[in-house]
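Q: My structure file model.pdb, PDB, C-alpha atoms, is below:
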ATOM      1  CA  ALA A 153     -13.386   1.660  -8.663  1.00  0.00           C
ATOM      2  CA  SER A 154     -10.081   0.495  -7.158  1.00  0.00           C
ATOM      3  CA  LEU A 155      -8.844  -0.740 -10.553  1.00  0.00           C
ATOM      4  CA  PHE A 156      -9.852   2.581 -12.122  1.00  0.00           C
ATOM      5  CA  PHE A 157      -7.955   4.445  -9.386  1.00  0.00           C
ATOM      6  CA  ALA A 158      -4.906   2.211  -9.740  1.00  0.00           C
ATOM      7  CA  ALA A 159      -4.823   2.733 -13.509  1.00  0.00           C
ATOM      8  CA  PHE A 160      -4.721   6.508 -13.036  1.00  0.00           C
ATOM      9  CA  TYR A 161      -2.072   6.200 -10.323  1.00  0.00           C
ATOM     10  CA  PHE A 162       0.338   4.090 -12.356  1.00  0.00           C
ATOM     11  CA  ALA A 163      -0.259   6.214 -15.447  1.00  0.00           C
ATOM     12  CA  ALA A 164       0.654   9.291 -13.406  1.00  0.00           C
ATOM     13  CA  VAL A 165       3.771   7.622 -11.981  1.00  0.00           C
ATOM     14  CA  LYS A 166       4.850   6.716 -15.509  1.00  0.00           C
ATOM     15  CA  ILE A 167       4.447  10.334 -16.609  1.00  0.00           C
ATOM     16  CA  ILE A 168       6.338  11.562 -13.557  1.00  0.00           C
ATOM     17  CA  SER A 169       9.126   9.039 -14.135  1.00  0.00           C
ATOM     18  CA  ASP A 170       9.388  10.078 -17.783  1.00  0.00           C
ATOM     19  CA  ARG A 171      11.198  13.321 -17.009  1.00  0.00           C
ATOM     20  CA  GLU A 172      12.491  14.050 -20.475  1.00  0.00           C
ATOM     21  CA  LYS A 173       9.062  13.874 -22.092  1.00  0.00           C
ATOM     22  CA  ILE A 174       7.727  16.451 -19.663  1.00  0.00           C
ATOM     23  CA  LEU A 175      10.709  18.776 -19.959  1.00  0.00           C
ATOM     24  CA  ASN A 176      10.661  18.633 -23.749  1.00  0.00           C
ATOM     25  CA  ALA A 177       6.910  18.365 -24.262  1.00  0.00           C
ATOM     26  CA  ASN A 178       5.422  20.063 -27.285  1.00  0.00           C
ATOM     27  CA  LYS A 179       2.152  21.942 -27.104  1.00  0.00           C
ATOM     28  CA  GLY A 180       0.071  18.841 -27.793  1.00  0.00           C
ATOM     29  CA  ASN A 181       1.788  16.888 -25.053  1.00  0.00           C
ATOM     30  CA  GLU A 182       1.410  19.776 -22.607  1.00  0.00           C
ATOM     31  CA  GLU A 183      -2.345  19.590 -23.073  1.00  0.00           C
ATOM     32  CA  LYS A 184      -2.279  15.846 -22.474  1.00  0.00           C
ATOM     33  CA  TYR A 185      -0.244  16.250 -19.299  1.00  0.00           C
ATOM     34  CA  ARG A 186      -2.490  19.075 -18.133  1.00  0.00           C
ATOM     35  CA  LYS A 187      -5.573  16.900 -18.473  1.00  0.00           C
ATOM     36  CA  LEU A 188      -3.856  14.056 -16.628  1.00  0.00           C
ATOM     37  CA  PHE A 189      -2.926  16.507 -13.872  1.00  0.00           C
ATOM     38  CA  GLU A 190      -6.387  18.067 -13.531  1.00  0.00           C
ATOM     39  CA  ASN A 191      -8.464  14.893 -13.867  1.00  0.00           C
ATOM     40  CA  ASN A 192      -6.293  12.489 -11.918  1.00  0.00           C
ATOM     41  CA  PRO A 193      -8.040  11.077  -8.807  1.00  0.00           C
ATOM     42  CA  VAL A 194      -4.637  10.963  -7.076  1.00  0.00           C
ATOM     43  CA  PRO A 195      -3.558  14.267  -5.450  1.00  0.00           C
ATOM     44  CA  MET A 196      -0.933  16.065  -7.542  1.00  0.00           C
ATOM     45  CA  MET A 197       0.844  19.301  -6.643  1.00  0.00           C
ATOM     46  CA  VAL A 198       3.452  21.559  -8.218  1.00  0.00           C
ATOM     47  CA  CYS A 199       5.898  23.298  -5.887  1.00  0.00           C
ATOM     48  CA  GLU A 200       8.671  25.813  -6.556  1.00  0.00           C
ATOM     49  CA  LYS A 201      11.943  23.959  -6.166  1.00  0.00           C
ATOM     50  CA  LYS A 202      13.867  26.559  -4.161  1.00  0.00           C
ATOM     51  CA  THR A 203      11.185  27.870  -1.780  1.00  0.00           C
ATOM     52  CA  LEU A 204       8.961  24.756  -1.781  1.00  0.00           C
ATOM     53  CA  GLN A 205       5.961  27.087  -2.280  1.00  0.00           C
ATOM     54  CA  PHE A 206       2.944  25.411  -3.862  1.00  0.00           C
ATOM     55  CA  LEU A 207       2.282  26.795  -7.340  1.00  0.00           C
ATOM     56  CA  ASP A 208      -0.615  24.593  -8.440  1.00  0.00           C
ATOM     57  CA  MET A 209      -2.581  21.517  -7.409  1.00  0.00           C
ATOM     58  CA  ASN A 210      -5.385  19.419  -8.848  1.00  0.00           C
ATOM     59  CA  ASP A 211      -8.920  19.048  -7.508  1.00  0.00           C
ATOM     60  CA  ALA A 212      -8.069  15.690  -5.935  1.00  0.00           C
ATOM     61  CA  ALA A 213      -5.439  17.420  -3.760  1.00  0.00           C
ATOM     62  CA  LEU A 214      -7.926  20.097  -2.683  1.00  0.00           C
ATOM     63  CA  LYS A 215     -10.467  17.428  -1.733  1.00  0.00           C
ATOM     64  CA  LYS A 216      -7.977  15.175   0.049  1.00  0.00           C
ATOM     65  CA  TYR A 217      -6.261  17.909   2.105  1.00  0.00           C
ATOM     66  CA  GLY A 218      -9.383  20.008   2.721  1.00  0.00           C
ATOM     67  CA  TYR A 219      -7.989  23.390   1.623  1.00  0.00           C
ATOM     68  CA  SER A 220      -9.437  25.860  -0.831  1.00  0.00           C
ATOM     69  CA  ARG A 221      -7.188  26.626  -3.784  1.00  0.00           C
ATOM     70  CA  GLU A 222      -6.305  30.032  -2.318  1.00  0.00           C
ATOM     71  CA  GLU A 223      -5.393  28.474   1.026  1.00  0.00           C
ATOM     72  CA  PHE A 224      -3.277  25.768  -0.603  1.00  0.00           C
ATOM     73  CA  LEU A 225      -1.400  28.317  -2.715  1.00  0.00           C
ATOM     74  CA  SER A 226      -0.447  30.201   0.464  1.00  0.00           C
ATOM     75  CA  LEU A 227       1.358  27.107   1.835  1.00  0.00           C
ATOM     76  CA  ASN A 228       4.655  25.426   1.134  1.00  0.00           C
ATOM     77  CA  VAL A 229       5.612  21.771   1.427  1.00  0.00           C
ATOM     78  CA  MET A 230       6.872  22.181   4.997  1.00  0.00           C
ATOM     79  CA  ASP A 231       3.483  23.555   6.103  1.00  0.00           C
ATOM     80  CA  ILE A 232       1.859  20.155   5.561  1.00  0.00           C
ATOM     81  CA  GLN A 233       4.538  18.203   7.452  1.00  0.00           C
ATOM     82  CA  PRO A 234       4.298  17.071  11.087  1.00  0.00           C
ATOM     83  CA  GLU A 235       6.458  19.294  13.287  1.00  0.00           C
ATOM     84  CA  GLU A 236       8.720  16.404  14.274  1.00  0.00           C
ATOM     85  CA  ASP A 237       9.420  15.565  10.613  1.00  0.00           C
ATOM     86  CA  LYS A 238      10.175  19.037   9.286  1.00  0.00           C
ATOM     87  CA  GLU A 239      13.883  19.157  10.080  1.00  0.00           C
ATOM     88  CA  LEU A 240      14.424  15.597   8.869  1.00  0.00           C
ATOM     89  CA  LEU A 241      12.608  16.113   5.567  1.00  0.00           C
ATOM     90  CA  PHE A 242      13.637  19.675   4.761  1.00  0.00           C
ATOM     91  CA  GLU A 243      16.808  18.796   2.855  1.00  0.00           C
ATOM     92  CA  LYS A 244      15.115  15.935   1.048  1.00  0.00           C
ATOM     93  CA  TYR A 245      12.286  18.147  -0.116  1.00  0.00           C
ATOM     94  CA  LYS A 246      14.512  21.146  -0.791  1.00  0.00           C
ATOM     95  CA  TYR A 247      16.759  19.268  -3.182  1.00  0.00           C
ATOM     96  CA  MET A 248      14.409  16.349  -3.867  1.00  0.00           C
ATOM     97  CA  ILE A 249      17.228  13.869  -3.175  1.00  0.00           C
ATOM     98  CA  VAL A 250      15.915  10.400  -2.332  1.00  0.00           C
ATOM     99  CA  PRO A 251      17.126   6.929  -3.367  1.00  0.00           C
ATOM    100  CA  ASP A 252      13.916   6.203  -5.283  1.00  0.00           C
ATOM    101  CA  LYS A 253      11.892   9.074  -6.704  1.00  0.00           C
ATOM    102  CA  ASN A 254       8.773   6.904  -6.734  1.00  0.00           C
ATOM    103  CA  ASN A 255       9.080   5.560  -3.221  1.00  0.00           C
ATOM    104  CA  LEU A 256       9.348   8.438  -0.759  1.00  0.00           C
ATOM    105  CA  VAL A 257       6.915   7.762   2.087  1.00  0.00           C
ATOM    106  CA  ALA A 258       6.007  10.654   4.375  1.00  0.00           C
ATOM    107  CA  LYS A 259       3.229  12.031   6.552  1.00  0.00           C
ATOM    108  CA  HIS A 260       1.159  14.995   5.380  1.00  0.00           C
ATOM    109  CA  LYS A 261      -1.148  17.120   7.512  1.00  0.00           C
ATOM    110  CA  LYS A 262      -4.636  18.018   6.319  1.00  0.00           C
ATOM    111  CA  LYS A 263      -6.418  21.276   7.098  1.00  0.00           C
ATOM    112  CA  ASP A 264      -8.380  19.623   9.928  1.00  0.00           C
ATOM    113  CA  GLY A 265      -5.134  18.483  11.582  1.00  0.00           C
ATOM    114  CA  ALA A 266      -5.481  14.809  10.662  1.00  0.00           C
ATOM    115  CA  PHE A 267      -2.450  13.102   9.140  1.00  0.00           C
ATOM    116  CA  LEU A 268      -2.105  11.052   5.979  1.00  0.00           C
ATOM    117  CA  ASP A 269       0.573   8.521   5.127  1.00  0.00           C
ATOM    118  CA  VAL A 270       1.496   9.216   1.518  1.00  0.00           C
ATOM    119  CA  GLN A 271       3.750   7.629  -1.071  1.00  0.00           C
ATOM    120  CA  ILE A 272       5.310  10.359  -3.175  1.00  0.00           C
ATOM    121  CA  ALA A 273       6.525  10.273  -6.756  1.00  0.00           C
ATOM    122  CA  TYR A 274       7.965  13.402  -8.353  1.00  0.00           C
ATOM    123  CA  CYS A 275       9.932  14.871 -11.235  1.00  0.00           C
ATOM    124  CA  ASP A 276      11.525  18.226 -12.046  1.00  0.00           C
ATOM    125  CA  ILE A 277       9.644  20.514 -14.436  1.00  0.00           C
ATOM    126  CA  PHE A 278       9.784  24.124 -15.617  1.00  0.00           C
ATOM    127  CA  PHE A 279       6.499  25.732 -14.552  1.00  0.00           C
ATOM    128  CA  ARG A 280       5.433  29.329 -15.208  1.00  0.00           C
ATOM    129  CA  GLY A 281       9.015  30.529 -15.414  1.00  0.00           C
ATOM    130  CA  SER A 282      10.248  28.666 -12.331  1.00  0.00           C
ATOM    131  CA  ASN A 283      12.172  25.488 -11.665  1.00  0.00           C
ATOM    132  CA  ALA A 284       9.604  23.330  -9.957  1.00  0.00           C
ATOM    133  CA  SER A 285       8.735  19.792  -8.915  1.00  0.00           C
ATOM    134  CA  LEU A 286       5.603  17.919  -9.914  1.00  0.00           C
ATOM    135  CA  MET A 287       4.563  15.716  -6.989  1.00  0.00           C
ATOM    136  CA  LEU A 288       2.064  12.905  -6.807  1.00  0.00           C
ATOM    137  CA  ALA A 289       0.927  11.979  -3.275  1.00  0.00           C
ATOM    138  CA  ASN A 290      -0.830   8.613  -3.090  1.00  0.00           C
ATOM    139  CA  ASP A 291      -2.718   8.114   0.193  1.00  0.00           C
ATOM    140  CA  ILE A 292      -1.564   4.785   1.672  1.00  0.00           C
ATOM    141  CA  THR A 293      -2.957   5.402   5.177  1.00  0.00           C
ATOM    142  CA  ALA A 294      -5.542   2.621   4.934  1.00  0.00           C
ATOM    143  CA  MET A 295      -3.034   0.204   3.394  1.00  0.00           C
ATOM    144  CA  LEU A 296      -0.505   0.762   6.207  1.00  0.00           C
ATOM    145  CA  ARG A 297      -3.256   0.424   8.816  1.00  0.00           C
ATOM    146  CA  THR A 298      -4.328  -2.875   7.257  1.00  0.00           C
ATOM    147  CA  GLN A 299      -0.729  -4.096   7.256  1.00  0.00           C
ATOM    148  CA  GLU A 300      -0.408  -3.275  10.957  1.00  0.00           C
ATOM    149  CA  GLU A 301      -3.707  -5.011  11.722  1.00  0.00           C
ATOM    150  CA  ASN A 302      -2.556  -8.058   9.783  1.00  0.00           C
ATOM    151  CA  LYS A 303       0.693  -8.128  11.764  1.00  0.00           C
ATOM    152  CA  ARG A 304      -1.237  -7.986  15.047  1.00  0.00           C
ATOM    153  CA  LEU A 305      -3.594 -10.715  13.860  1.00  0.00           C
ATOM    154  CA  ALA A 306      -0.665 -12.877  12.763  1.00  0.00           C
ATOM    155  CA  THR A 307       0.922 -12.478  16.214  1.00  0.00           C
ATOM    156  CA  ILE A 308      -2.333 -13.487  17.918  1.00  0.00           C
ATOM    157  CA  LEU A 309      -2.836 -16.494  15.631  1.00  0.00           C
ATOM    158  CA  GLU A 310       0.776 -17.581  15.992  1.00  0.00           C
ATOM    159  CA  ASN A 311       0.644 -17.626  19.779  1.00  0.00           C
ATOM    160  CA  THR A 312      -2.824 -18.987  20.490  1.00  0.00           C
ATOM    161  CA  SER A 313      -2.975 -22.512  21.912  1.00  0.00           C
ATOM    162  CA  ASP A 314      -5.602 -23.445  19.297  1.00  0.00           C
ATOM    163  CA  PHE A 315      -4.624 -25.362  16.157  1.00  0.00           C
ATOM    164  CA  VAL A 316      -4.878 -22.721  13.380  1.00  0.00           C
ATOM    165  CA  THR A 317      -4.122 -23.073   9.683  1.00  0.00           C
ATOM    166  CA  LEU A 318      -4.857 -20.801   6.718  1.00  0.00           C
ATOM    167  CA  THR A 319      -5.613 -22.389   3.365  1.00  0.00           C
ATOM    168  CA  ASP A 320      -5.891 -20.811  -0.085  1.00  0.00           C
ATOM    169  CA  LEU A 321      -8.591 -21.584  -2.661  1.00  0.00           C
ATOM    170  CA  GLU A 322      -6.449 -24.347  -4.118  1.00  0.00           C
ATOM    171  CA  GLN A 323      -6.399 -26.009  -0.692  1.00  0.00           C
ATOM    172  CA  ARG A 324      -2.718 -25.276  -0.095  1.00  0.00           C
ATOM    173  CA  THR A 325      -1.628 -24.540   3.460  1.00  0.00           C
ATOM    174  CA  ILE A 326      -0.228 -21.001   3.516  1.00  0.00           C
ATOM    175  CA  PHE A 327       0.082 -20.639   7.280  1.00  0.00           C
ATOM    176  CA  ALA A 328       0.167 -22.923  10.292  1.00  0.00           C
ATOM    177  CA  ASN A 329       0.557 -21.489  13.769  1.00  0.00           C
ATOM    178  CA  LYS A 330       2.864 -22.748  16.499  1.00  0.00           C
ATOM    179  CA  ALA A 331       0.256 -25.131  17.931  1.00  0.00           C
ATOM    180  CA  ALA A 332      -0.532 -26.588  14.500  1.00  0.00           C
ATOM    181  CA  ARG A 333       3.134 -27.022  13.608  1.00  0.00           C
ATOM    182  CA  LYS A 334       3.701 -28.819  16.912  1.00  0.00           C
ATOM    183  CA  VAL A 335       0.888 -31.273  16.206  1.00  0.00           C
ATOM    184  CA  LEU A 336       1.920 -31.787  12.574  1.00  0.00           C
ATOM    185  CA  LYS A 337       5.630 -32.019  13.463  1.00  0.00           C
ATOM    186  CA  TYR A 338       6.735 -29.221  11.107  1.00  0.00           C
ATOM    187  CA  GLU A 339       9.163 -26.520  12.209  1.00  0.00           C
ATOM    188  CA  ASN A 340       7.715 -23.713  10.070  1.00  0.00           C
ATOM    189  CA  SER A 341       4.839 -22.900   7.717  1.00  0.00           C
ATOM    190  CA  ASP A 342       7.109 -22.980   4.652  1.00  0.00           C
ATOM    191  CA  ASP A 343       7.593 -26.716   5.155  1.00  0.00           C
ATOM    192  CA  LEU A 344       3.842 -27.116   4.823  1.00  0.00           C
ATOM    193  CA  SER A 345       3.338 -24.779   1.864  1.00  0.00           C
ATOM    194  CA  PRO A 346       3.975 -27.389  -0.881  1.00  0.00           C
ATOM    195  CA  LYS A 347       1.405 -29.688   0.717  1.00  0.00           C
ATOM    196  CA  GLY A 348      -2.275 -29.522   0.016  1.00  0.00           C
ATOM    197  CA  PHE A 349      -4.637 -29.253   2.963  1.00  0.00           C
ATOM    198  CA  LEU A 350      -5.982 -32.748   2.199  1.00  0.00           C
ATOM    199  CA  ASP A 351      -2.473 -34.209   2.517  1.00  0.00           C
ATOM    200  CA  CYS A 352      -2.711 -33.645   6.258  1.00  0.00           C
ATOM    201  CA  LEU A 353      -5.899 -35.720   6.571  1.00  0.00           C
ATOM    202  CA  PRO A 354      -6.465 -39.473   6.835  1.00  0.00           C
ATOM    203  CA  VAL A 355      -7.604 -40.951   3.529  1.00  0.00           C
ATOM    204  CA  LYS A 356     -11.110 -41.782   4.800  1.00  0.00           C
ATOM    205  CA  ASN A 357     -11.632 -38.162   5.960  1.00  0.00           C
ATOM    206  CA  LYS A 358     -10.668 -36.436   2.717  1.00  0.00           C
ATOM    207  CA  ALA A 359     -13.977 -36.849   0.891  1.00  0.00           C
ATOM    208  CA  TRP A 360     -15.946 -35.775   3.975  1.00  0.00           C
ATOM    209  CA  PHE A 361     -13.853 -32.611   4.339  1.00  0.00           C
ATOM    210  CA  THR A 362     -14.158 -31.832   0.639  1.00  0.00           C
ATOM    211  CA  ASP A 363     -17.937 -32.242   0.605  1.00  0.00           C
ATOM    212  CA  ASN A 364     -18.803 -30.715   3.984  1.00  0.00           C
ATOM    213  CA  ILE A 365     -16.071 -28.454   5.307  1.00  0.00           C
ATOM    214  CA  PHE A 366     -14.623 -26.678   2.288  1.00  0.00           C
ATOM    215  CA  PRO A 367     -18.004 -25.311   1.079  1.00  0.00           C
ATOM    216  CA  VAL A 368     -18.609 -23.817   4.529  1.00  0.00           C
ATOM    217  CA  ALA A 369     -15.078 -22.415   4.790  1.00  0.00           C
ATOM    218  CA  PHE A 370     -15.207 -20.857   1.304  1.00  0.00           C
ATOM    219  CA  VAL A 371     -18.570 -19.165   1.955  1.00  0.00           C
ATOM    220  CA  GLN A 372     -17.983 -18.075   5.552  1.00  0.00           C
ATOM    221  CA  GLY A 373     -14.211 -17.691   5.353  1.00  0.00           C
ATOM    222  CA  VAL A 374     -13.606 -19.867   8.401  1.00  0.00           C
ATOM    223  CA  TRP A 375     -14.387 -23.315   9.779  1.00  0.00           C
ATOM    224  CA  ARG A 376     -14.145 -24.389  13.407  1.00  0.00           C
ATOM    225  CA  GLY A 377     -14.437 -27.970  14.570  1.00  0.00           C
ATOM    226  CA  GLU A 378     -12.725 -31.191  15.512  1.00  0.00           C
ATOM    227  CA  GLY A 379     -10.677 -33.295  13.138  1.00  0.00           C
ATOM    228  CA  VAL A 380      -8.090 -36.036  12.827  1.00  0.00           C
ATOM    229  CA  TRP A 381      -4.782 -35.047  11.244  1.00  0.00           C
ATOM    230  CA  ILE A 382      -1.751 -36.843   9.871  1.00  0.00           C
ATOM    231  CA  ASN A 383       1.570 -35.415  11.001  1.00  0.00           C
ATOM    232  CA  LYS A 384       4.939 -35.429   9.269  1.00  0.00           C
ATOM    233  CA  GLU A 385       5.668 -38.848  10.733  1.00  0.00           C
ATOM    234  CA  GLN A 386       2.416 -40.172   9.198  1.00  0.00           C
ATOM    235  CA  LYS A 387       0.904 -40.600  12.644  1.00  0.00           C
ATOM    236  CA  LYS A 388      -2.656 -39.540  13.586  1.00  0.00           C
TER     237      LYS A 388
END
Mind converting the file's structure to structure tokens?

A:
Amino acid sequence: ASLFFAAFYFAAVKIISDREKILNANKGNEEKYRKLFENNPVPMMVCEKKTLQFLDMNDAALKKYGYSREEFLSLNVMDIQPEEDKELLFEKYKYMIVPDKNNLVAKHKKKDGAFLDVQIAYCDIFFRGSNASLMLANDITAMLRTQEENKRLATILENTSDFVTLTDLEQRTIFANKAARKVLKYENSDDLSPKGFLDCLPVKNKAWFTDNIFPVAFVQGVWRGEGVWINKEQKK
């Protein structure tokens, strides 16, 4: 489902980035773009460029923001902004001037008052006799929350007194916390990244780890226990 969603998202961004094709679309292309607009699982909206009034939106936008079509059409872009962001974003939205048209990140307010973090892509179009902007609003709320959680987890892991390392499926060390780096005599995780996990073990322990520890770690995602390690100075 995520791959299906991503395919629609990047297809929509490509259409939005391809301004000339939309502005000069023939009747056949208009039908293609209309179907992409209506059937896209990513919320898409059309707003009048001068007033920022919403002129149209797809079903995904109605579902995501919680408004009926009539309610959505009564709003403008500023109506779905947090109060504290309205003044800051007004000029950007009014003239649609941003460094990267596919990388404007903003907060949008749903009908129930909850907020979404959205990544916006847009292009200028001529819609029903008006100069307008076609906007795609990809919900990245969960992604940003996960990033913040990962940052908090990384801080906890970095500062715990326990020896903690993270290893990929090819047994390469991708992270070693402060305690682990102290034991292994490495200043940072990047110094360890070229080394395989087994390179930090005594020769006689490598087969035992491979046969007993890795299967558990790969299935459960974590292994806890005692071990003997070889540091940078080749000392146990």

Q: Hey, can you check how far atom CA of A:Met295 sits from atom CA of A:Asp269?

A: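 For atom CA of A:Met295 relative to atom CA of A:Asp269, the distance reads 9.2 Å.
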
Q: For the structure provided, state which residues fall under the PyMOL selection byres ((chain A and resi 372-375) around 12), and present them as a list in words.

A: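 On this input, the PyMOL selection byres ((chain A and resi 372-375) around 12) captures Phe315, Val316, Thr317, Leu318, Thr319, Asp320, Leu321, Phe361, Asn364, Ile365, Phe366, Pro367, Val368, Ala369, Phe370, Val371, Arg376, Gly377, Glu378 and Gly379 of chain A.
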
Q: On this file, the PyMOL selection byres ((chain A and resi 193-205) around 8) gives some set of residues; write that set as a PyMOL selection string.

A: chain A and resi 157+160-161+189+191-192+206-214+216+225-230+245-247+282-290

Q: Can I get the selected residues back with C-alpha atoms, as a PDB file, in the frame of the given file?

A:
ATOM      1  CA  PHE A 157      -7.955   4.445  -9.386  1.00  0.00           C
ATOM      2  CA  PHE A 160      -4.721   6.508 -13.036  1.00  0.00           C
ATOM      3  CA  TYR A 161      -2.072   6.200 -10.323  1.00  0.00           C
ATOM      4  CA  PHE A 189      -2.926  16.507 -13.872  1.00  0.00           C
ATOM      5  CA  ASN A 191      -8.464  14.893 -13.867  1.00  0.00           C
ATOM      6  CA  ASN A 192      -6.293  12.489 -11.918  1.00  0.00           C
ATOM      7  CA  PHE A 206       2.944  25.411  -3.862  1.00  0.00           C
ATOM      8  CA  LEU A 207       2.282  26.795  -7.340  1.00  0.00           C
ATOM      9  CA  ASP A 208      -0.615  24.593  -8.440  1.00  0.00           C
ATOM     10  CA  MET A 209      -2.581  21.517  -7.409  1.00  0.00           C
ATOM     11  CA  ASN A 210      -5.385  19.419  -8.848  1.00  0.00           C
ATOM     12  CA  ASP A 211      -8.920  19.048  -7.508  1.00  0.00           C
ATOM     13  CA  ALA A 212      -8.069  15.690  -5.935  1.00  0.00           C
ATOM     14  CA  ALA A 213      -5.439  17.420  -3.760  1.00  0.00           C
ATOM     15  CA  LEU A 214      -7.926  20.097  -2.683  1.00  0.00           C
ATOM     16  CA  LYS A 216      -7.977  15.175   0.049  1.00  0.00           C
ATOM     17  CA  LEU A 225      -1.400  28.317  -2.715  1.00  0.00           C
ATOM     18  CA  SER A 226      -0.447  30.201   0.464  1.00  0.00           C
ATOM     19  CA  LEU A 227       1.358  27.107   1.835  1.00  0.00           C
ATOM     20  CA  ASN A 228       4.655  25.426   1.134  1.00  0.00           C
ATOM     21  CA  VAL A 229       5.612  21.771   1.427  1.00  0.00           C
ATOM     22  CA  MET A 230       6.872  22.181   4.997  1.00  0.00           C
ATOM     23  CA  TYR A 245      12.286  18.147  -0.116  1.00  0.00           C
ATOM     24  CA  LYS A 246      14.512  21.146  -0.791  1.00  0.00           C
ATOM     25  CA  TYR A 247      16.759  19.268  -3.182  1.00  0.00           C
ATOM     26  CA  SER A 282      10.248  28.666 -12.331  1.00  0.00           C
ATOM     27  CA  ASN A 283      12.172  25.488 -11.665  1.00  0.00           C
ATOM     28  CA  ALA A 284       9.604  23.330  -9.957  1.00  0.00           C
ATOM     29  CA  SER A 285       8.735  19.792  -8.915  1.00  0.00           C
ATOM     30  CA  LEU A 286       5.603  17.919  -9.914  1.00  0.00           C
ATOM     31  CA  MET A 287       4.563  15.716  -6.989  1.00  0.00           C
ATOM     32  CA  LEU A 288       2.064  12.905  -6.807  1.00  0.00           C
ATOM     33  CA  ALA A 289       0.927  11.979  -3.275  1.00  0.00           C
ATOM     34  CA  ASN A 290      -0.830   8.613  -3.090  1.00  0.00           C
TER      35      ASN A 290
END

Q: Would you mind telling me which residue in A:Ser341, A:Lys388, A:Lys334, A:Asn329 lies nearest to A:Asn357 when using all atoms listed in the file?

A: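 For A:Asn357, the nearest of the candidates is A:Lys388.
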
Q: Just so the selection is clear, what residues does the PyMOL selection byres ((chain A and resi 331) around 12) cover here, as a count of residues only?

A: 24

Q: Using Å and a single decimal, report how far atom CA of A:Glu235 sits from atom CA of A:Ile277.

A: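 Atom-to-atom, atom CA of A:Ile277 to atom CA of A:Glu235, that is 27.9 Å.
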
Q: Atom CA of A:Lys384 and atom CA of A:Lys303 are how many Å apart?

A: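 A separation of 27.7 Å between them.
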
Q: Return the single residue from A:Gln299, A:Asp351, A:Trp360, A:Val257 that is closest to A:Ala273, with distances computed using all atoms listed in the file.

A: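 Nearest candidate to A:Ala273 out of A:Gln299, A:Asp351, A:Trp360, A:Val257: A:Val257.
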
Q: I'd like the neighbourhood of A:Lys263 as a PyMOL selection string, where a residue qualifies if any of its atoms comes within 12 Å (using only C-alpha atoms), though same-chain residues fewer than 4 positions away should be ignored.

A: chain A and resi 213-220+223-224+227+231-233+267-268

Q: How about completing stretch 213-226 of chain A with N, CA and C atoms and giving it to me as a PDB file, in the frame of the given file?

A:
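This is the output file result-v6.pdb:
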ATOM      1  N   ALA A 213      -6.240  16.935  -4.887  1.00  0.00           N
ATOM      2  CA  ALA A 213      -5.439  17.420  -3.760  1.00  0.00           C
ATOM      3  C   ALA A 213      -6.273  18.325  -2.863  1.00  0.00           C
ATOM      4  N   LEU A 214      -7.073  19.211  -3.471  1.00  0.00           N
ATOM      5  CA  LEU A 214      -7.926  20.097  -2.683  1.00  0.00           C
ATOM      6  C   LEU A 214      -8.904  19.284  -1.840  1.00  0.00           C
ATOM      7  N   LYS A 215      -9.491  18.265  -2.441  1.00  0.00           N
ATOM      8  CA  LYS A 215     -10.467  17.428  -1.733  1.00  0.00           C
ATOM      9  C   LYS A 215      -9.799  16.618  -0.633  1.00  0.00           C
ATOM     10  N   LYS A 216      -8.651  16.039  -0.923  1.00  0.00           N
ATOM     11  CA  LYS A 216      -7.977  15.175   0.049  1.00  0.00           C
ATOM     12  C   LYS A 216      -7.465  15.964   1.253  1.00  0.00           C
ATOM     13  N   TYR A 217      -6.876  17.147   1.015  1.00  0.00           N
ATOM     14  CA  TYR A 217      -6.261  17.909   2.105  1.00  0.00           C
ATOM     15  C   TYR A 217      -7.217  18.896   2.750  1.00  0.00           C
ATOM     16  N   GLY A 218      -8.362  19.183   2.105  1.00  0.00           N
ATOM     17  CA  GLY A 218      -9.383  20.008   2.721  1.00  0.00           C
ATOM     18  C   GLY A 218      -9.208  21.508   2.585  1.00  0.00           C
ATOM     19  N   TYR A 219      -8.234  21.959   1.808  1.00  0.00           N
ATOM     20  CA  TYR A 219      -7.989  23.390   1.623  1.00  0.00           C
ATOM     21  C   TYR A 219      -8.712  23.906   0.383  1.00  0.00           C
ATOM     22  N   SER A 220      -9.023  25.202   0.398  1.00  0.00           N
ATOM     23  CA  SER A 220      -9.437  25.860  -0.831  1.00  0.00           C
ATOM     24  C   SER A 220      -8.186  26.077  -1.672  1.00  0.00           C
ATOM     25  N   ARG A 221      -8.357  26.396  -2.939  1.00  0.00           N
ATOM     26  CA  ARG A 221      -7.188  26.626  -3.784  1.00  0.00           C
ATOM     27  C   ARG A 221      -6.350  27.797  -3.266  1.00  0.00           C
ATOM     28  N   GLU A 222      -7.020  28.862  -2.825  1.00  0.00           N
ATOM     29  CA  GLU A 222      -6.305  30.032  -2.318  1.00  0.00           C
ATOM     30  C   GLU A 222      -5.492  29.676  -1.071  1.00  0.00           C
ATOM     31  N   GLU A 223      -6.102  28.879  -0.192  1.00  0.00           N
ATOM     32  CA  GLU A 223      -5.393  28.474   1.026  1.00  0.00           C
ATOM     33  C   GLU A 223      -4.187  27.600   0.682  1.00  0.00           C
ATOM     34  N   PHE A 224      -4.372  26.673  -0.231  1.00  0.00           N
ATOM     35  CA  PHE A 224      -3.277  25.768  -0.603  1.00  0.00           C
ATOM     36  C   PHE A 224      -2.119  26.551  -1.220  1.00  0.00           C
ATOM     37  N   LEU A 225      -2.440  27.534  -2.052  1.00  0.00           N
ATOM     38  CA  LEU A 225      -1.400  28.317  -2.715  1.00  0.00           C
ATOM     39  C   LEU A 225      -0.606  29.189  -1.737  1.00  0.00           C
ATOM     40  N   SER A 226      -1.159  29.402  -0.544  1.00  0.00           N
ATOM     41  CA  SER A 226      -0.447  30.201   0.464  1.00  0.00           C
ATOM     42  C   SER A 226       0.525  29.348   1.280  1.00  0.00           C
TER      43      SER A 226
END
